[in-house]
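Written below as structure tokens is the structure these notes are about.
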Amino acid sequence: MRGARCARLAAEPDPALVVRASLFVPCFVDQLYPAAAIAAVEVLERLGVEIDVPDGAPCCGQPPANAGFAQAGEAALERFVETYAESEHVVVLSGSCALHVRAHAGGLIGAGRRVAVRTMEFCAFLHDVVGVDRVAALGASLDARVALHIGCHALRGLGLATPSERMLPPHNLVRALLETVQGLTFAALSRPDECCGFGGSFSVDEGAVSTRMGDDRWRDVHGAGATALVSTDVSCLLHLRGVAGARGNALPSWHVAEVLAGRVR
Amino acid sequence: MAPRGDHAARALPLLDARGAVDHAGAAARFNADAERTGWHDGALWFVREKRDRAAASVPEWETLRDLASAIKTHTLAHLDEYLERFERAATARGIVVHWARDAEEHNRIVHAILAERGVRRVVKSKSMLTEECGLNPYLNARGIEVIDTDLGERIVQLRHEPPSHIVMPAIHLKKEEIGETFHEVMGTPAGLSDPDLLTAAARAQLREHFLGADAAMTGVNFGIAETGGIVVCTNEGNADLGTALAPVHIASMGIEKLIPRAEDLGVFLRLLARSATGQASTVYASHMHAPRPGQALHVVLVDNGRSEQLGRADFWGSLKCIRCAACLNTCPVYRRSGGYSYGATVSGPIGAVLTPGRDLQRYASLPFASTLCGSCTAVCPVKVDLDTQLYKWRQQVAAAGLVPARKAWGMRRLGALLADAQLVQLAGAVVRTALRALPSGVARRLAGGWGRTRTLPTAPKGSFRDWYRSNRPRS
């Protein structure tokens, strides 16, 4: 299927090759940042992906699990597995939630394992299943010098890019997607993949360090001459926007989906 | 040994009412000095970048990591056999091997060796194991003077502080502060802060101690089961100076420091210094395979909780650690909270997975001193799955009832809420209404710890679900 995909540059979808996917919109994106999810729906639809957004699971259960209460999060994770048990692909609009499902749903009985292996982060799905060529045909444009912030779980957990610690051939599939956007250039951060300091309940329990990490991330972004920040993860964005808002030094910031949908200026 | 001054006070662990280490509190205190926090972060990031360049210079870096992890895994799986093989080989070479179940037994063994010879003055090269065992105060109380000869350790010793970092014990200090300490204690000129001159002053004084010592102590980086020898890595040659002069050498070695064969050593020596400081190799990698003629060489094998850790299905992998401290240098939290915030000899991510096993209540906060960003795991030369272990310790801390009651209650409620789609929609609607209705200052106060340093998001009109229902009606 991948080979066939490459041969059909931006052509009309061949019915035999239609990709079906279920989109998962994490609870906090759903409630506080719907623009990213609306953009994701538009992108997937325009790429010819047959998508559905099933009712059912509002969350993957990661927040309590990362705080030490995996059991309390299990009901949500089970709900997730039930909801997506029949899905061909489960596309998750968050690297962190996708990693949680991939790492922990397999431990559940029955469909857990099947759902876990079919679960992908949004950018990884676009890159690996849909293909960069088709994404390029979206024709998005954005006149901005972008600082790219890949969430740590998307980066090191899911391998969306080569982490700076690893001595492996460099790849960065999020960058590859954004490179298709007309007018978009990248700002070179001095610490390309330093954590932003969100970390779930860490952001409150270790407020001082979390805030300092956010401040430092922005300092790097500003220092690199960026005019905007783009991330794979809305959780990072909510934290970074909040920290910059309190300091009054925010730049425009968006989820990758918003940029690819051409919804931002 | 009472700590003195502001900085010395910071070296004491910050404990909460129940006597547990309060990492977040200590980190907040550290961050109160924003300039210093930035300086500390920068100093360690500099080392991390040096490490990146050094690692990149080895084409087979990732293969070496795989090998090192496999060798350590194998050794730990057969640790009992390898320890006995080491003892047989070492004994055959004239090394006296001792077994210490815990810190107390280690200290007793060392003291007995020293007391038998009437030793009054000991020079000791860097050894985090002797820090872990509290050897210095133990020997001091028995009339034996211990001089730490690693420059960093000497600096913190002169300040009556513990090391804040396992490889760079004085990384929390600026050169001006070291100059002040040297001025007070060694009489160097006031205001002297030139690193070369300060080092020369320390060196001159240390020479006297080397020459006058009755015994030398070292740690051990690697014990080789096949040969019964030990390898000690230093940059200053202080281990060699001490052991070459003193009539008795006592080496303290954690039982996890073993490797099977001499030929395995190269794998680790290529990884250790590059990971630790970005050097291709430590300046000295001293092989000690027998006592000098006329010298006694003792190796004390110390368990002190390691066997227990080896028996923990989720945490045994932490014993692969070779103490390079790369995980400290890369940890965004360590860099911004300092070694003392962990209240343990080994700080940073590796400390946060090693110490909870010793006293879960006391160290309950350490597994939470992380965003789970995973940089530690990615940088580790022996592939300890640090972030996974931090996650698993969190589960143990919560299961043991050591999470504050309000948070535990909140997390259980949150778990129930997050499994209920309708409740999440309702909660979301309430939050959005509040965000719109309340003045931002009030909303931020209501948002508690989140709102203290962050503005709140602008409330969208509705949820994504609302949009989806109206814009993509089911056919």
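So you can find residues: chains in the structure tokens are A, B, ... in the order shown, residues in each start at 1, and ligands are numbered from 1 in order.
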
Distance query Pro58 in chain A at most 9 Å, only C-alpha atoms, self and fewer than 4 positions along chain excluded, as a PyMOL selection string: (chain A and resi 24-27+30+76+79-80) or (chain B and resi 418-422+424-425)

Taking a cut-off of 6 Å and counting only C-alpha atoms, can you build a table that, for each residue of chain A near chain B, reports the nearest atom pair and how far apart they are in Å (one decimal), sorted by chain then residue number, as a tab-separated table?
```
residue	atom	partner	partner_atom	distance
A:Asp30	CA	B:Phe464	CA	4.8
A:Gln31	CA	B:Ser463	CA	4.7
A:Pro34	CA	B:Phe464	CA	4.5
A:Pro58	CA	B:Ala421	CA	5.1
A:Cys59	CA	B:Leu418	CA	5.6
A:Pro64	CA	B:Met411	CA	5.4
A:Gly68	CA	B:Gln395	CA	4.1
A:Ala72	CA	B:Gly415	CA	4.6
A:Gly73	CA	B:Gly415	CA	4.8
A:Ala75	CA	B:Ala419	CA	5.7
A:Ala76	CA	B:Ala419	CA	4.0
A:Cys152	CA	B:Cys373	CA	5.1
A:Glu165	CA	B:Val379	CA	5.3
A:Gly199	CA	B:Thr371	CA	4.1
A:Val204	CA	B:Gly449	CA	4.9
A:Glu206	CA	B:Ala24	CA	5.1
A:Ala208	CA	B:Ala28	CA	5.2
A:Gly242	CA	B:Arg454	CA	4.1
A:Val243	CA	B:Arg454	CA	4.6
A:Gly245	CA	B:Thr455	CA	5.4
A:Ala246	CA	B:Arg454	CA	5.2
```

Could you list, as a PDB file with N, CA and C atoms, in the first residue's frame, every residue within 6 Å of range 136-142 of chain A, counting only C-alpha atoms and ignoring same-chain residues fewer than 2 positions away?
```pdb
ATOM      1  N   ALA A  10      -0.704  12.873  -5.022  1.00  0.00           N
ATOM      2  CA  ALA A  10      -1.814  13.811  -4.924  1.00  0.00           C
ATOM      3  C   ALA A  10      -2.950  13.518  -5.900  1.00  0.00           C
ATOM      4  N   ASP A 133       3.904  13.372   0.491  1.00  0.00           N
ATOM      5  CA  ASP A 133       3.545  13.891  -0.826  1.00  0.00           C
ATOM      6  C   ASP A 133       2.099  14.374  -0.853  1.00  0.00           C
ATOM      7  N   ARG A 134       1.237  13.572  -0.258  1.00  0.00           N
ATOM      8  CA  ARG A 134      -0.170  13.978  -0.237  1.00  0.00           C
ATOM      9  C   ARG A 134      -0.392  15.161   0.690  1.00  0.00           C
ATOM     10  N   ALA A 144       6.011  32.478   8.307  1.00  0.00           N
ATOM     11  CA  ALA A 144       6.481  32.526   9.691  1.00  0.00           C
ATOM     12  C   ALA A 144       7.803  31.788   9.822  1.00  0.00           C
ATOM     13  N   THR A 180       6.431  21.147   3.967  1.00  0.00           N
ATOM     14  CA  THR A 180       5.546  21.251   2.799  1.00  0.00           C
ATOM     15  C   THR A 180       4.773  22.571   2.795  1.00  0.00           C
ATOM     16  N   VAL A 181       4.870  23.323   3.894  1.00  0.00           N
ATOM     17  CA  VAL A 181       4.086  24.559   4.024  1.00  0.00           C
ATOM     18  C   VAL A 181       4.843  25.713   3.374  1.00  0.00           C
ATOM     19  N   GLN A 182       4.202  26.340   2.391  1.00  0.00           N
ATOM     20  CA  GLN A 182       4.810  27.467   1.668  1.00  0.00           C
ATOM     21  C   GLN A 182       5.117  28.615   2.618  1.00  0.00           C
ATOM     22  N   GLY A 183       6.313  29.154   2.515  1.00  0.00           N
ATOM     23  CA  GLY A 183       6.639  30.357   3.278  1.00  0.00           C
ATOM     24  C   GLY A 183       7.111  30.093   4.687  1.00  0.00           C
ATOM     25  N   LEU A 184       6.977  28.849   5.132  1.00  0.00           N
ATOM     26  CA  LEU A 184       7.367  28.531   6.508  1.00  0.00           C
ATOM     27  C   LEU A 184       8.865  28.213   6.565  1.00  0.00           C
ATOM     28  N   LEU A 260      -1.151  22.984   9.049  1.00  0.00           N
ATOM     29  CA  LEU A 260      -1.375  22.209   7.828  1.00  0.00           C
ATOM     30  C   LEU A 260      -2.754  22.501   7.236  1.00  0.00           C
ATOM     31  N   GLY A 262      -4.047  25.279   7.136  1.00  0.00           N
ATOM     32  CA  GLY A 262      -4.042  26.637   6.600  1.00  0.00           C
ATOM     33  C   GLY A 262      -4.996  27.547   7.357  1.00  0.00           C
TER      34      GLY A 262
END
```

Write out, as a Markdown table, each residue of range 157-248 of chain B that has an atom at most 9 Å from range 120-124 of chain B, together with the closest pair of atoms and their distance in Å to one decimal, counting only C-alpha atoms, rows going by chain and rising number.
```
| residue | atom | partner | partner_atom | distance |
| --- | --- | --- | --- | --- |
| B:His209 | CA | B:Val123 | CA | 7.0 |
| B:Phe210 | CA | B:Val123 | CA | 6.5 |
| B:Gly212 | CA | B:Arg121 | CA | 7.3 |
| B:Ala213 | CA | B:Arg121 | CA | 5.0 |
| B:Asp214 | CA | B:Arg121 | CA | 5.5 |
| B:Ala215 | CA | B:Val122 | CA | 4.9 |
| B:Ala216 | CA | B:Val123 | CA | 4.9 |
| B:Met217 | CA | B:Lys124 | CA | 4.4 |
| B:Thr218 | CA | B:Lys124 | CA | 5.6 |
| B:Gly219 | CA | B:Lys124 | CA | 8.4 |
| B:Asn238 | CA | B:Lys124 | CA | 8.4 |
| B:Ala239 | CA | B:Lys124 | CA | 7.4 |
| B:Gly242 | CA | B:Val123 | CA | 6.3 |
| B:Thr243 | CA | B:Val123 | CA | 8.8 |
| B:Ala246 | CA | B:Val123 | CA | 8.8 |
```

Write a file of the selected residues as an mmCIF file, in the first residue's frame, keeping C-alpha atoms.
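Once written, part13.cif looks like this:
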```
data_model
loop_
_atom_site.group_PDB
_atom_site.id
_atom_site.type_symbol
_atom_site.label_atom_id
_atom_site.label_comp_id
_atom_site.auth_asym_id
_atom_site.auth_seq_id
_atom_site.Cartn_x
_atom_site.Cartn_y
_atom_site.Cartn_z
ATOM 1 C CA HIS B 209 48.343 14.919 53.057
ATOM 2 C CA PHE B 210 49.428 12.344 50.477
ATOM 3 C CA GLY B 212 51.620 11.959 55.548
ATOM 4 C CA ALA B 213 48.842 9.442 55.057
ATOM 5 C CA ASP B 214 48.962 6.044 56.754
ATOM 6 C CA ALA B 215 46.326 4.561 54.463
ATOM 7 C CA ALA B 216 44.667 5.256 51.131
ATOM 8 C CA MET B 217 41.079 4.594 50.185
ATOM 9 C CA THR B 218 39.482 4.540 46.765
ATOM 10 C CA GLY B 219 36.184 3.656 45.207
ATOM 11 C CA ASN B 238 44.751 11.350 43.103
ATOM 12 C CA ALA B 239 43.839 7.702 43.493
ATOM 13 C CA GLY B 242 47.340 7.933 47.449
ATOM 14 C CA THR B 243 47.660 4.230 46.777
ATOM 15 C CA ALA B 246 50.377 4.498 51.579
#
```

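The nearest approach to Asp16 in chain B among the residues B:Leu67, B:Ala364, B:Ala100, B:Leu44, with only C-alpha atoms taken into account, belongs to B:Ala364.
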
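The shell of residues at most 12 Å from Glu82 in chain A, with only C-alpha atoms counted and near chain neighbours (fewer than 2 positions) removed, consists of Pro54, Asp55, Gly56, Ala57, Pro58, Cys60, Ala75, Ala76, Leu77, Glu78, Arg79, Phe80, Tyr84, Ala85, Glu86, Ser87, Ala105, Leu108, Ile109, Gly110, Ala111, Gly112, Arg113, Arg114, Val115 and Ala116 of chain A; Ala419 of chain B.
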
Contact residues around Glu258 in chain A with only C-alpha atoms at 9 Å, ignoring same-chain residues under 4 positions, as a ChimeraX atom specification: /A:35-40,43,254,262-264

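Of note, CA of Arg241 in chain A and CA of Leu44 in chain A are spaced 26.2 Å apart.
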
Ala190 in chain B: which residues within 12 Å, counting only C-alpha atoms, same-chain residues fewer than 5 positions away excluded, as a PDB file with N, CA and C atoms, in the first residue's frame?
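Output contents, as saved in result-v6.pdb:
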```pdb
ATOM      1  N   GLU B 176      34.265  32.002  42.716  1.00  0.00           N
ATOM      2  CA  GLU B 176      34.450  33.015  43.759  1.00  0.00           C
ATOM      3  C   GLU B 176      34.150  32.433  45.142  1.00  0.00           C
ATOM      4  N   GLU B 177      33.132  31.568  45.201  1.00  0.00           N
ATOM      5  CA  GLU B 177      32.787  30.961  46.489  1.00  0.00           C
ATOM      6  C   GLU B 177      33.873  29.992  46.931  1.00  0.00           C
ATOM      7  N   ILE B 178      34.459  29.293  45.956  1.00  0.00           N
ATOM      8  CA  ILE B 178      35.543  28.374  46.285  1.00  0.00           C
ATOM      9  C   ILE B 178      36.741  29.183  46.776  1.00  0.00           C
ATOM     10  N   GLY B 179      37.000  30.322  46.125  1.00  0.00           N
ATOM     11  CA  GLY B 179      38.079  31.214  46.557  1.00  0.00           C
ATOM     12  C   GLY B 179      37.879  31.678  47.991  1.00  0.00           C
ATOM     13  N   GLU B 180      36.648  32.007  48.337  1.00  0.00           N
ATOM     14  CA  GLU B 180      36.347  32.439  49.714  1.00  0.00           C
ATOM     15  C   GLU B 180      36.646  31.324  50.705  1.00  0.00           C
ATOM     16  N   THR B 181      36.177  30.131  50.347  1.00  0.00           N
ATOM     17  CA  THR B 181      36.407  28.983  51.235  1.00  0.00           C
ATOM     18  C   THR B 181      37.905  28.743  51.415  1.00  0.00           C
ATOM     19  N   PHE B 182      38.636  28.770  50.311  1.00  0.00           N
ATOM     20  CA  PHE B 182      40.083  28.535  50.397  1.00  0.00           C
ATOM     21  C   PHE B 182      40.762  29.630  51.224  1.00  0.00           C
ATOM     22  N   HIS B 183      40.264  30.855  51.078  1.00  0.00           N
ATOM     23  CA  HIS B 183      40.825  31.959  51.847  1.00  0.00           C
ATOM     24  C   HIS B 183      40.636  31.708  53.340  1.00  0.00           C
ATOM     25  N   GLU B 184      39.405  31.320  53.698  1.00  0.00           N
ATOM     26  CA  GLU B 184      39.104  31.072  55.114  1.00  0.00           C
ATOM     27  C   GLU B 184      39.885  29.894  55.671  1.00  0.00           C
ATOM     28  N   VAL B 185      39.937  28.817  54.905  1.00  0.00           N
ATOM     29  CA  VAL B 185      40.460  27.567  55.454  1.00  0.00           C
ATOM     30  C   VAL B 185      41.952  27.393  55.185  1.00  0.00           C
ATOM     31  N   LEU B 198      43.768  28.511  42.377  1.00  0.00           N
ATOM     32  CA  LEU B 198      43.081  27.805  43.467  1.00  0.00           C
ATOM     33  C   LEU B 198      43.445  26.326  43.436  1.00  0.00           C
TER      34      LEU B 198
END
```

Secondary structure check, helix (DSSP H, G or I) residues of range 11-65 of chain A, as a PyMOL selection string: chain A and resi 15-17+27-32+34-46+62-65

Point-to-point distance in Å for CA of Val382 in chain B and CA of Met167 in chain A: 14.2 Å

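If only C-alpha atoms are the atoms counted, then among A:Val91, A:Ala228, A:Ala65, A:Val18 the closest residue to Val53 in chain A is A:Val91.
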
Nearby residues (only C-alpha atoms) at most 10 Å from Leu310 in chain B, same-chain spacing under 5 positions excluded, as number ranges by chain: B: 76-77, 79, 256, 305, 315-319

In range 9-195 of chain B, DSSP strand (DSSP E) residues written as number ranges by chain: B: 96-100, 121-124, 145-148

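Compared by their closest atoms to Ala176 in chain A, and using only C-alpha atoms, the residues A:Asp52, A:Glu45, A:Asp128, A:Asp233 rank with A:Asp128 nearest.
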